[in-house]
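The structure file protein_29.txt is reproduced below (compact mmCIF, C-alpha atoms).
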```txt
# COMPACT_ATOMS: atom_id res chain seq x y z
CA MET U 1 -15.61 -3.50 -1.70
CA GLN U 2 -17.88 -4.88 -4.38
CA HIS U 3 -19.76 -8.11 -3.73
CA ALA U 4 -20.96 -10.56 -6.32
CA ARG U 5 -24.67 -10.24 -7.17
CA THR U 6 -27.02 -13.09 -7.78
CA ALA U 7 -28.81 -13.53 -11.09
CA GLY U 8 -32.11 -11.73 -11.38
CA ALA U 9 -35.51 -13.12 -12.19
CA THR U 10 -34.53 -13.49 -15.85
CA GLY U 11 -31.84 -16.00 -14.90
CA ARG U 12 -29.19 -13.94 -16.65
CA GLU U 13 -25.96 -13.09 -14.89
CA PRO U 14 -25.39 -9.36 -14.29
CA PRO U 15 -22.55 -7.74 -16.25
CA PRO U 16 -19.15 -7.81 -14.56
CA PRO U 17 -18.18 -4.69 -12.56
CA LEU U 18 -16.20 -2.03 -14.35
CA LEU U 19 -12.52 -2.14 -13.48
CA PRO U 20 -10.26 0.88 -13.40
CA PRO U 21 -7.87 1.21 -16.35
CA PRO U 22 -4.40 -0.18 -15.81
CA PRO U 23 -1.81 2.23 -14.45
CA LEU U 24 0.29 4.13 -16.92
CA LEU U 25 3.60 2.32 -17.25
CA PRO U 26 6.70 3.20 -19.24
CA PRO U 27 6.47 2.25 -22.93
CA PRO U 28 8.42 -0.83 -24.05
CA LEU U 29 12.02 -0.19 -25.07
CA PRO U 30 13.13 -0.78 -28.67
CA ALA U 31 14.79 -4.10 -29.39
CA GLY U 32 18.43 -4.15 -28.38
CA THR U 33 18.10 -1.19 -26.00
CA THR U 34 19.56 -1.50 -22.54
CA PRO U 35 17.11 -0.28 -19.88
CA ALA U 36 18.22 2.43 -17.52
CA PRO U 37 18.85 1.32 -13.93
CA ASP U 38 15.87 1.65 -11.59
CA ARG U 39 18.10 3.31 -9.01
CA ALA U 40 20.68 6.03 -9.17
CA PRO U 41 24.09 5.30 -7.60
CA GLY U 42 22.90 6.98 -4.38
CA GLY U 43 19.92 4.61 -4.12
CA ALA U 44 16.97 6.76 -5.26
CA HIS U 45 15.83 7.18 -8.85
CA PRO U 46 16.77 10.67 -10.12
CA GLY U 47 13.36 11.07 -11.76
CA ASN U 48 11.37 10.66 -8.56
CA PRO U 49 9.09 13.46 -7.34
CA ARG U 50 10.23 15.85 -4.63
CA HIS U 51 6.80 16.13 -3.01
CA VAL U 52 4.18 13.37 -2.93
CA GLY U 53 0.62 13.92 -1.73
CA VAL U 54 -1.58 10.99 -0.77
CA ILE U 55 -5.34 10.98 -0.21
CA LEU U 56 -5.89 8.16 2.30
CA ASP U 57 -9.18 6.72 1.13
CA GLY U 58 -10.95 3.40 1.69
CA ASN U 59 -10.51 2.66 5.41
CA ARG U 60 -14.22 2.02 6.03
CA ARG U 61 -14.58 -0.14 2.94
CA TRP U 62 -11.54 -2.15 4.02
CA ALA U 63 -13.14 -2.74 7.42
CA GLU U 64 -16.41 -3.86 5.83
CA GLY U 65 -14.64 -6.15 3.39
CA HIS U 66 -12.57 -7.79 6.11
CA GLY U 67 -15.36 -8.06 8.67
CA THR U 68 -13.44 -6.03 11.22
CA THR U 69 -13.90 -2.85 13.21
CA LEU U 70 -13.26 0.72 12.15
CA GLU U 71 -10.71 0.97 14.95
CA ALA U 72 -8.73 -1.86 13.38
CA ALA U 73 -8.97 -0.29 9.93
CA TYR U 74 -7.81 3.12 11.10
CA ALA U 75 -4.99 1.58 13.13
CA ARG U 76 -3.82 -0.35 10.08
CA GLY U 77 -4.15 2.77 7.94
CA ALA U 78 -2.06 4.79 10.41
CA ALA U 79 0.62 2.10 10.35
CA ARG U 80 0.56 2.28 6.56
CA VAL U 81 1.47 6.00 6.78
CA ALA U 82 4.61 4.97 8.67
CA ASP U 83 5.36 2.53 5.86
CA LEU U 84 4.77 5.26 3.29
CA VAL U 85 7.28 7.69 4.79
CA SER U 86 9.81 4.87 5.06
CA TRP U 87 9.35 4.08 1.36
CA CYS U 88 9.66 7.77 0.51
CA GLU U 89 12.86 8.02 2.52
CA THR U 90 14.30 5.09 0.57
CA GLU U 91 13.28 6.74 -2.70
CA GLY U 92 14.78 10.10 -1.80
CA ILE U 93 11.41 11.87 -1.50
CA ALA U 94 11.79 14.55 1.15
CA VAL U 95 8.28 16.02 1.38
CA VAL U 96 5.07 14.02 1.90
CA THR U 97 1.55 15.29 2.52
CA VAL U 98 -1.18 12.90 3.64
CA TRP U 99 -4.85 13.82 3.90
CA ALA U 100 -6.13 12.06 6.99
CA LEU U 101 -9.34 14.01 7.67
CA SER U 102 -11.19 16.60 5.61
CA ARG U 103 -13.18 19.45 7.07
CA ASP U 104 -16.30 17.82 5.62
CA ASN U 105 -15.46 14.62 7.53
CA LEU U 106 -16.11 16.49 10.76
CA ARG U 107 -19.82 16.12 10.02
CA ARG U 108 -19.51 12.39 10.70
CA ASP U 109 -20.45 10.85 14.01
CA ALA U 110 -18.23 12.26 16.76
CA ALA U 111 -17.11 8.79 17.80
CA ALA U 112 -15.97 7.99 14.26
CA VAL U 113 -14.00 11.25 14.06
CA GLY U 114 -12.43 10.45 17.42
CA ARG U 115 -11.32 7.03 16.17
CA ILE U 116 -9.59 8.61 13.16
CA LEU U 117 -7.81 11.20 15.29
CA ASP U 118 -6.73 8.66 17.91
CA ALA U 119 -5.26 6.34 15.29
CA THR U 120 -3.56 9.28 13.59
CA ALA U 121 -1.93 10.43 16.83
CA VAL U 122 -0.64 6.92 17.62
CA GLY U 123 0.76 6.49 14.11
CA LEU U 124 2.44 9.89 14.12
CA ALA U 125 4.04 9.23 17.50
CA GLY U 126 5.95 6.34 15.98
CA ILE U 127 7.10 8.45 13.03
CA ALA U 128 8.13 11.27 15.37
CA ALA U 129 10.21 8.86 17.43
CA SER U 130 12.37 8.06 14.40
CA GLY U 131 13.73 11.62 14.44
CA ARG U 132 13.85 11.67 10.64
CA TRP U 133 10.62 13.54 9.85
CA HIS U 134 9.40 16.98 10.81
CA ILE U 135 5.63 16.67 11.24
CA ARG U 136 3.47 19.66 10.36
CA LEU U 137 -0.28 19.78 10.92
CA ILE U 138 -2.17 21.62 8.21
CA GLY U 139 -5.86 22.42 8.20
CA GLU U 140 -8.29 24.06 10.58
CA THR U 141 -7.18 22.20 13.67
CA ASP U 142 -9.12 24.63 15.88
CA LEU U 143 -12.26 22.86 14.64
CA LEU U 144 -11.13 19.55 16.16
CA PRO U 145 -12.25 18.30 19.57
CA ALA U 146 -9.93 19.84 22.15
CA ALA U 147 -8.31 16.70 23.56
CA PRO U 148 -7.40 15.03 20.23
CA ALA U 149 -6.16 18.38 18.90
CA ARG U 150 -3.81 18.78 21.88
CA ARG U 151 -2.54 15.25 21.39
CA LEU U 152 -1.79 15.80 17.71
CA ARG U 153 -0.07 19.12 18.37
CA SER U 154 2.02 17.56 21.12
CA VAL U 155 3.31 14.89 18.74
CA ALA U 156 4.05 17.42 15.99
CA ASP U 157 5.81 19.78 18.40
CA ARG U 158 8.24 17.02 19.39
CA THR U 159 9.65 16.80 15.87
CA ALA U 160 12.62 18.88 14.80
CA THR U 161 12.53 21.34 11.94
CA GLY U 162 16.00 20.19 10.91
CA SER U 163 14.85 16.64 10.15
CA PRO U 164 15.70 15.29 6.68
CA GLY U 165 12.04 14.90 5.70
CA THR U 166 8.83 16.90 6.13
CA LEU U 167 5.49 15.17 6.67
CA ASN U 168 2.41 17.38 6.36
CA VAL U 169 -0.66 15.82 7.96
CA ALA U 170 -3.87 17.40 6.71
CA VAL U 171 -6.61 17.23 9.36
CA ALA U 172 -9.84 19.24 9.17
CA TYR U 173 -8.39 20.40 5.85
CA ASP U 174 -10.27 22.14 3.04
CA GLY U 175 -8.46 23.43 -0.02
CA ARG U 176 -10.61 26.49 -0.59
CA ALA U 177 -10.27 27.44 3.06
CA ASP U 178 -6.49 27.11 2.67
CA ILE U 179 -6.48 29.67 -0.16
CA ALA U 180 -8.95 31.97 1.63
CA GLY U 181 -6.76 31.86 4.75
CA ALA U 182 -3.72 32.75 2.67
CA VAL U 183 -5.52 35.78 1.24
CA ARG U 184 -6.52 36.90 4.73
CA GLY U 185 -2.96 36.50 5.93
CA LEU U 186 -1.70 38.49 2.98
CA LEU U 187 -4.14 41.33 3.63
CA ARG U 188 -3.23 41.43 7.32
CA SER U 189 0.46 41.60 6.46
CA GLY U 190 0.04 44.89 4.61
CA VAL U 191 2.77 43.99 2.11
CA THR U 192 0.58 45.01 -0.82
CA GLY U 193 -0.17 48.43 0.61
CA GLY U 194 -3.85 47.85 -0.11
CA THR U 195 -3.18 47.85 -3.86
CA ALA U 196 -4.68 44.88 -5.70
CA ALA U 197 -2.27 45.24 -8.61
CA ALA U 198 0.63 44.63 -6.24
CA VAL U 199 -0.52 41.10 -5.32
CA ARG U 200 1.72 38.40 -6.77
CA GLU U 201 1.33 34.62 -6.70
CA SER U 202 4.45 34.36 -4.57
CA ASP U 203 2.82 36.65 -2.00
CA VAL U 204 -0.16 34.29 -1.66
CA GLU U 205 2.10 31.22 -1.47
CA ARG U 206 3.84 32.61 1.60
CA TYR U 207 0.59 32.29 3.54
CA LEU U 208 -0.56 28.86 2.36
CA SER U 209 -0.44 25.93 4.78
CA THR U 210 2.55 24.50 2.90
CA ALA U 211 4.56 27.75 2.80
CA GLY U 212 8.24 27.19 2.18
CA LEU U 213 7.79 23.77 0.60
CA PRO U 214 7.83 22.77 -3.09
CA ASP U 215 4.54 22.23 -4.89
CA VAL U 216 3.18 18.70 -5.08
CA ASP U 217 4.62 16.70 -7.98
CA LEU U 218 2.56 13.53 -7.61
CA VAL U 219 -0.85 12.91 -6.05
CA ILE U 220 -1.88 9.36 -5.20
CA ARG U 221 -5.49 8.60 -4.31
CA THR U 222 -6.46 5.15 -3.12
CA SER U 223 -9.79 3.25 -3.23
CA GLY U 224 -10.56 3.85 -6.91
CA GLU U 225 -12.00 7.35 -6.53
CA ARG U 226 -10.87 9.69 -9.33
CA ARG U 227 -11.08 13.21 -7.98
CA LEU U 228 -9.06 15.50 -5.75
CA SER U 229 -11.99 16.64 -3.57
CA GLY U 230 -10.26 19.90 -2.65
CA PHE U 231 -6.86 18.45 -1.80
CA LEU U 232 -4.22 21.21 -1.99
CA PRO U 233 -5.79 22.90 -5.06
CA TRP U 234 -3.13 25.61 -5.35
CA GLN U 235 -0.19 23.31 -4.69
CA THR U 236 -1.33 20.57 -7.12
CA ALA U 237 -1.84 22.83 -10.15
CA TYR U 238 0.83 20.94 -12.13
CA ALA U 239 0.82 17.67 -10.20
CA GLU U 240 0.61 14.32 -11.94
CA LEU U 241 -2.33 12.23 -10.73
CA HIS U 242 -2.30 8.51 -9.99
CA PHE U 243 -5.44 6.63 -8.94
CA THR U 244 -5.34 3.10 -7.61
CA ALA U 245 -8.11 0.69 -6.67
CA ALA U 246 -6.18 -0.42 -3.57
CA LEU U 247 -7.89 0.57 -0.33
CA TRP U 248 -5.56 2.58 1.88
CA PRO U 249 -4.98 -0.04 4.62
CA ALA U 250 -3.99 -2.50 1.87
CA PHE U 251 -1.79 -0.06 -0.09
CA SER U 252 1.51 -1.84 -0.61
CA PHE U 253 5.07 -1.07 -1.62
CA ASP U 254 4.27 -2.59 -5.01
CA ASP U 255 1.36 -0.14 -5.39
CA PHE U 256 3.70 2.71 -4.47
CA THR U 257 6.31 1.52 -6.96
CA VAL U 258 3.71 1.44 -9.74
CA ALA U 259 2.78 5.05 -8.92
CA LEU U 260 6.42 6.16 -9.08
CA ARG U 261 7.02 4.34 -12.36
CA SER U 262 3.90 5.95 -13.77
CA TYR U 263 5.16 9.38 -12.69
CA ARG U 264 8.60 8.84 -14.18
CA ALA U 265 7.05 7.78 -17.49
CA ARG U 266 5.25 11.08 -17.98
CA ARG U 267 6.60 14.20 -19.68
CA ARG U 268 5.99 17.26 -17.53
CA ARG U 269 5.89 20.25 -19.87
CA PHE U 270 4.49 22.92 -17.52
CA GLY U 271 2.79 24.60 -20.47
CA PHE U 272 5.80 24.56 -22.80
```
Structure translated into structure tokens:
Amino acid sequence: MQHARTAGATGREPPPPLLPPPPLLPPPLPAGTTPAPDRAPGGAHPGNPRHVGVILDGNRRWAEGHGTTLEAAYARGAARVADLVSWCETEGIAVVTVWALSRDNLRRDAAAVGRILDATAVGLAGIAASGRWHIRLIGETDLLPAAPARRLRSVADRTATGSPGTLNVAVAYDGRADIAGAVRGLLRSGVTGGTAAAVRESDVERYLSTAGLPDVDLVIRTSGERRLSGFLPWQTAYAELHFTAALWPAFSFDDFTVALRSYRARRRRFGF
């Protein structure tokens, strides 16, 4: 959160902070044109993405800006994930991936990492109880402290693979490690017969953390940062990117709606 600065010794006010550009919205319709409905007859817009990835950023800044604890921020952020999957369900989006903790984040103070994992487990337990989402943990979970890792796995294991939606929760995740792990899995499988020329993209995809799921169509990153930071690099090759200044605990349904409208306004050519 940015705070106002006082005038310097010159008495002049500092320049205003730079604001992010407005989100991309659909162009105005020609005069006399009837807009298309924002919902299909079944309830969800037919142009919505199949797979949405969200980088949950800004929890610490939200805590600082609201004068509250990190525990409160992470708890609110975890509750916001439950809101997100509910919104996605309403919009007919069946696959969601949220990045809760990167592998690099493990270098933080152990207590801070523990707070993130505890809040994540509590939030996921509520989502699991709905019976509508199959929770998958992706990332190097063996790097996590043993007790939080067991708790997260226990929650994920209680969800059914036949659930209407799939929620990937990236913890201790690193995109390059994801690809390297897929290559190792491919080599161990022996399907290429040790011949490099026999390796196909589809072979690698079978060993990625998101195997069996569609690639990401839309990536949302909160807090104003404008980079992917290693989030699903293979799976986001053709994803549309949406950056919002909203901090994750404050991310709202209106913010989500703006991201979907931005996505639907774009023409996805896939190189054609």
Residue nearest Ala170 (chain U) among U:Ala79, U:Leu152, U:Ala125, U:Ala265 (counting only C-alpha atoms):
U:Leu152
Considering only C-alpha atoms, give me a table of residues in region 217-245 of chain U that are at most 10 Å from region 90-97 of chain U, with the closest atom pair and distance in Å for each, as a tab-separated table.
```
residue	atom	partner	partner_atom	distance
U:Leu218	CA	U:Val96	CA	9.8
U:Val219	CA	U:Thr97	CA	9.2
U:Phe231	CA	U:Thr97	CA	10.0
U:Leu232	CA	U:Thr97	CA	9.4
```
Arg176 (chain U) environment, 10 Å, all atoms listed in the file, sequence neighbours closer than 3 positions dropped, as a short mmCIF file (atom, residue, chain, number, x, y, z; two decimals) with C-alpha atoms, in the coordinates of the input:
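Written output follows (out28.cif):
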```
data_model
loop_
_atom_site.label_atom_id
_atom_site.label_comp_id
_atom_site.auth_asym_id
_atom_site.auth_seq_id
_atom_site.Cartn_x
_atom_site.Cartn_y
_atom_site.Cartn_z
CA TYR U 173 -8.39 20.40 5.85
CA ILE U 179 -6.48 29.67 -0.16
CA ALA U 180 -8.95 31.97 1.63
CA GLY U 181 -6.76 31.86 4.75
CA ALA U 182 -3.72 32.75 2.67
CA GLY U 230 -10.26 19.90 -2.65
CA PHE U 231 -6.86 18.45 -1.80
CA LEU U 232 -4.22 21.21 -1.99
CA PRO U 233 -5.79 22.90 -5.06
CA TRP U 234 -3.13 25.61 -5.35
#
```
Smallest atom-to-atom distance to Asp254 (chain U): which of U:Trp87, U:Thr69, U:Gly165, U:Ala147, using all atoms listed in the file?
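Smallest distance to Asp254 (chain U) is found for U:Trp87.
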Separation of CA of Ser163 (chain U) from CA of Arg132 (chain U) in Å:
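CA of Ser163 (chain U) lies at a distance of 5.1 Å from CA of Arg132 (chain U).
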To one decimal place in Å, what is the distance between CA of Leu143 (chain U) and CA of Asp203 (chain U)?
26.4 Å
Atomic separation - CA of Leu70 (chain U) relative to CA of Gly224 (chain U), Å
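Separation of CA of Gly224 (chain U) and CA of Leu70 (chain U): 19.5 Å.
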Residue among U:Asp104, U:Glu225, U:Ala246, U:Asp109 lying closest to Ala177 (chain U), counting all atoms listed in the file
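Ranked by minimum distance to Ala177 (chain U), first place goes to U:Asp104.
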When distances are computed from only C-alpha atoms, which of U:Leu247, U:Ala198, U:Ala44, U:Ala149 shows the smallest separation from Leu56 (chain U)?
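The answer is U:Leu247, which sits nearest to Leu56 (chain U).
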For Ala156 (chain U), list every protein, DNA or RNA residue within 6 Å, evaluated using only C-alpha atoms, and leave out those in the same chain fewer than 3 positions away; present the list as a list of chain:residue names.
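The neighbour list is U:Ile135, U:Arg153, U:Thr159.
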Within 12 Å of Arg269 (chain U), counting only C-alpha atoms, which residues show up once you throw out same-chain ones fewer than 4 positions away? Write them as a VMD selection string, please.
chain U and resid 238 to 240
For Leu137 (chain U), please output as a PyMOL selection string all residues within 12 Å (counting only C-alpha atoms; exclusion window: fewer than 3 positions along the same chain).
chain U and resi 96-101+120-121+124+134+140-142+149-157+159+166-173+209-210
